[in-house]
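Everything below concerns the one structure shown next.
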Amino acid sequence: MVKRQSKGHDLQHQAATIPEQIHCKFPSIDKQKAQALIELLDSLNGDLAGSRNQ
């Protein structure tokens with residue numbers, strides 16, 4: 001259990017840097033837009049995963 005929690009915490013920490021990484025590679029996309037993009041992609045992924053299970 002501890003490994004999963006530790007790994008999950010590490011992944012969450014890594015994911016928090018994604019908006020900044022996107023902004024560094026694409027300066028016209030600020031961190032807020034990058035976060036919105038991530039949330040949209042997460043929603044799409046959830047919808048796609050749900051449609052596969054039906």
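In the structure tokens, chains take letters A, B, ... by order of appearance, with residues numbered from 1 within each chain and ligands from 1 in the order shown.
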Contacts of range 30-43 of chain A at 8 Å (only C-alpha atoms; same-chain gap of 3+ positions) as number ranges by chain
A: 18-20, 22-23, 27, 46-47
Give me every alpha helix (DSSP H) residue in chain A, going by DSSP on the backbone, as an NGL selection string.
:A and (2-16 or 18-25 or 31-52)
If you keep C-alpha atoms, can you produce a file of those selected residues as a PDB file, in the first residue's frame?
ATOM      1  CA  VAL A   2       2.732   2.469   0.887  1.00  0.00           C
ATOM      2  CA  LYS A   3       4.412   2.062  -2.505  1.00  0.00           C
ATOM      3  CA  ARG A   4       1.186   2.883  -4.350  1.00  0.00           C
ATOM      4  CA  GLN A   5       0.592   5.943  -2.229  1.00  0.00           C
ATOM      5  CA  SER A   6       4.176   7.095  -2.680  1.00  0.00           C
ATOM      6  CA  LYS A   7       4.060   6.425  -6.432  1.00  0.00           C
ATOM      7  CA  GLY A   8       0.729   8.255  -6.687  1.00  0.00           C
ATOM      8  CA  HIS A   9       2.170  11.226  -4.838  1.00  0.00           C
ATOM      9  CA  ASP A  10       5.209  11.253  -7.155  1.00  0.00           C
ATOM     10  CA  LEU A  11       2.972  11.127 -10.242  1.00  0.00           C
ATOM     11  CA  GLN A  12       0.803  13.927  -8.896  1.00  0.00           C
ATOM     12  CA  HIS A  13       3.913  16.041  -8.324  1.00  0.00           C
ATOM     13  CA  GLN A  14       5.145  15.331 -11.864  1.00  0.00           C
ATOM     14  CA  ALA A  15       1.742  16.130 -13.339  1.00  0.00           C
ATOM     15  CA  ALA A  16       1.725  19.500 -11.578  1.00  0.00           C
ATOM     16  CA  ILE A  18       2.985  19.788 -17.053  1.00  0.00           C
ATOM     17  CA  PRO A  19       1.395  23.238 -17.585  1.00  0.00           C
ATOM     18  CA  GLU A  20       4.791  24.864 -17.075  1.00  0.00           C
ATOM     19  CA  GLN A  21       6.424  22.415 -19.486  1.00  0.00           C
ATOM     20  CA  ILE A  22       3.781  23.147 -22.127  1.00  0.00           C
ATOM     21  CA  HIS A  23       4.296  26.888 -21.642  1.00  0.00           C
ATOM     22  CA  CYS A  24       8.073  26.512 -22.059  1.00  0.00           C
ATOM     23  CA  LYS A  25       7.666  24.687 -25.375  1.00  0.00           C
ATOM     24  CA  LYS A  31      -0.100  28.053 -17.772  1.00  0.00           C
ATOM     25  CA  GLN A  32      -3.839  28.645 -17.312  1.00  0.00           C
ATOM     26  CA  LYS A  33      -4.579  27.623 -20.919  1.00  0.00           C
ATOM     27  CA  ALA A  34      -2.297  24.607 -20.539  1.00  0.00           C
ATOM     28  CA  GLN A  35      -4.224  23.536 -17.431  1.00  0.00           C
ATOM     29  CA  ALA A  36      -7.515  23.935 -19.298  1.00  0.00           C
ATOM     30  CA  LEU A  37      -6.109  21.792 -22.120  1.00  0.00           C
ATOM     31  CA  ILE A  38      -5.118  19.079 -19.659  1.00  0.00           C
ATOM     32  CA  GLU A  39      -8.582  19.093 -18.089  1.00  0.00           C
ATOM     33  CA  LEU A  40     -10.214  18.860 -21.518  1.00  0.00           C
ATOM     34  CA  LEU A  41      -7.980  15.955 -22.523  1.00  0.00           C
ATOM     35  CA  ASP A  42      -8.749  14.192 -19.226  1.00  0.00           C
ATOM     36  CA  SER A  43     -12.478  14.567 -19.928  1.00  0.00           C
ATOM     37  CA  LEU A  44     -12.102  13.256 -23.462  1.00  0.00           C
ATOM     38  CA  ASN A  45     -10.064  10.332 -22.214  1.00  0.00           C
ATOM     39  CA  GLY A  46     -12.727   9.505 -19.646  1.00  0.00           C
ATOM     40  CA  ASP A  47     -15.452   9.641 -22.289  1.00  0.00           C
ATOM     41  CA  LEU A  48     -13.453   7.425 -24.639  1.00  0.00           C
ATOM     42  CA  ALA A  49     -12.732   4.924 -21.889  1.00  0.00           C
ATOM     43  CA  GLY A  50     -16.441   4.855 -20.992  1.00  0.00           C
ATOM     44  CA  SER A  51     -17.493   4.234 -24.577  1.00  0.00           C
ATOM     45  CA  ARG A  52     -15.113   1.286 -24.837  1.00  0.00           C
TER      46      ARG A  52
END
